[in-house]
Amino acid sequence: MAVAAKKKDKPGGTPEPTRDDLLGYYRQMLLLRRFEEKAGQMYGMGLIGGFCHLYIGQEAVATGIHAALGQGDSVITGYRCHAHLILAGSDPKAVMAELTGRAGGVSKGKGGSMHMFSEKGHFFGGHGIVGAQVALGAGLAFANWYRGNDRVAVAYFGDGASNQGQVFESFNMAALWKLPAIFVIENNQYAMGTSTARHAAIRELYRRGEAFGMDGRQVDGMDVIAVRAAAEDAVAHCRSGAGPIVLEMMTYRYRGHSMSDPAKYRSKEEVARVRAERDPIERLRDHLVENKFADDELFKEIDKEIKAIVNEAAEFAQNSPEPDPSELYTDIHVN
């Protein structure tokens, strides 16, 4: 097994990820994948109620961007939020307990799948209103700019949300004030059940900020190394005072829009092709093997480790008590 090497700078100035970096990304993506698969199973068993939007297939986006962020940088996203919260540092047990509506959840069981929050991790929530998090993300960036704290704010949203009017209003204000905002479009090809070919007049969504003088970049969102490199460039761009930037992550979700979506608007062959040719976890696994950074024995150890974490989270969630009725009157507002 190769020894972790010192980071080397690529021509663009972004350091090459080390073996330890890559194994860390692999562990994180596998944790997100197995966690969401378990959540899907528990939903089918009736242990998770309401809406539930899984992140399976998109793991490289959140993992790569998280790797480029620093302490105090903030993140906000929509309702497909479990993975982002785990990467922000929340215990998978608390996230799964939130999904099951238990008192041990990160939001005391009152938020469920779509409304999670972690002040400690600077994760400002999943949000159920399509596109609303973009305006809130611009507000977080404004707070950083106003305080002069050199922090950046990342606002994730989907290709469907990119058509919302408040997104363009947020772009305008962010560009006008040169706010340190990274607008990440997770283009998973379908806005609920509508393909980008049918809902976007200009399909190069990274160009959406051009009218406001914003830089934009399209990235292979199924390649965690490419995502990390683009994210580090974007973070440096914002910290330099150059203003906001748009990153369009070309990714794909394997499941339906939510657990209630049978996804009949696309063929099984299409999904199978993406899984076979572009799966982010398998691509990183191949990269690790090709560079002699890992072997089957190590992968088995990691898989065993991740399964134990996820099983523990599921057990904790099922055994955690339901919220006390008095919780109905707490956390209503902040003085």
# chains A, B, ... in the order shown; residues from 1 in each chain; ligands from 1
$ select_by_dssp --residues "region 165-196 of chain A" --states "strand (DSSP E)" --output "list in words"
Ala181, Ile182, Phe183, Val184, Ile185, Glu186, Asn187, Tyr190, Ala191, Thr194 and Ser195 of chain A
$ write_last_selection --atoms "C-alpha atoms" --output "compact mmCIF listing (two decimals), in the first residue's frame"
# COMPACT_ATOMS: atom_id res chain seq x y z
CA ALA A 181 -21.65 33.34 -2.31
CA ILE A 182 -21.19 30.08 -4.19
CA PHE A 183 -24.40 29.13 -5.97
CA VAL A 184 -24.30 25.39 -6.66
CA ILE A 185 -26.80 24.02 -9.17
CA GLU A 186 -27.12 20.27 -8.63
CA ASN A 187 -28.25 19.45 -12.14
CA TYR A 190 -34.84 16.16 -13.92
CA ALA A 191 -36.92 18.81 -12.14
CA THR A 194 -39.37 17.21 -16.18
CA SER A 195 -36.06 16.96 -18.03
$ closest_residue --among "A:Val106, A:Leu205, A:Ala229, A:Ile245" --to "Ala155 (chain A)" --atoms "only C-alpha atoms"
A:Ile245
$ closest_residue --among "A:Leu31, A:Ser267, A:Ser240, A:Gly89" --to "Glu119 (chain A)" --atoms "only C-alpha atoms"
A:Gly89
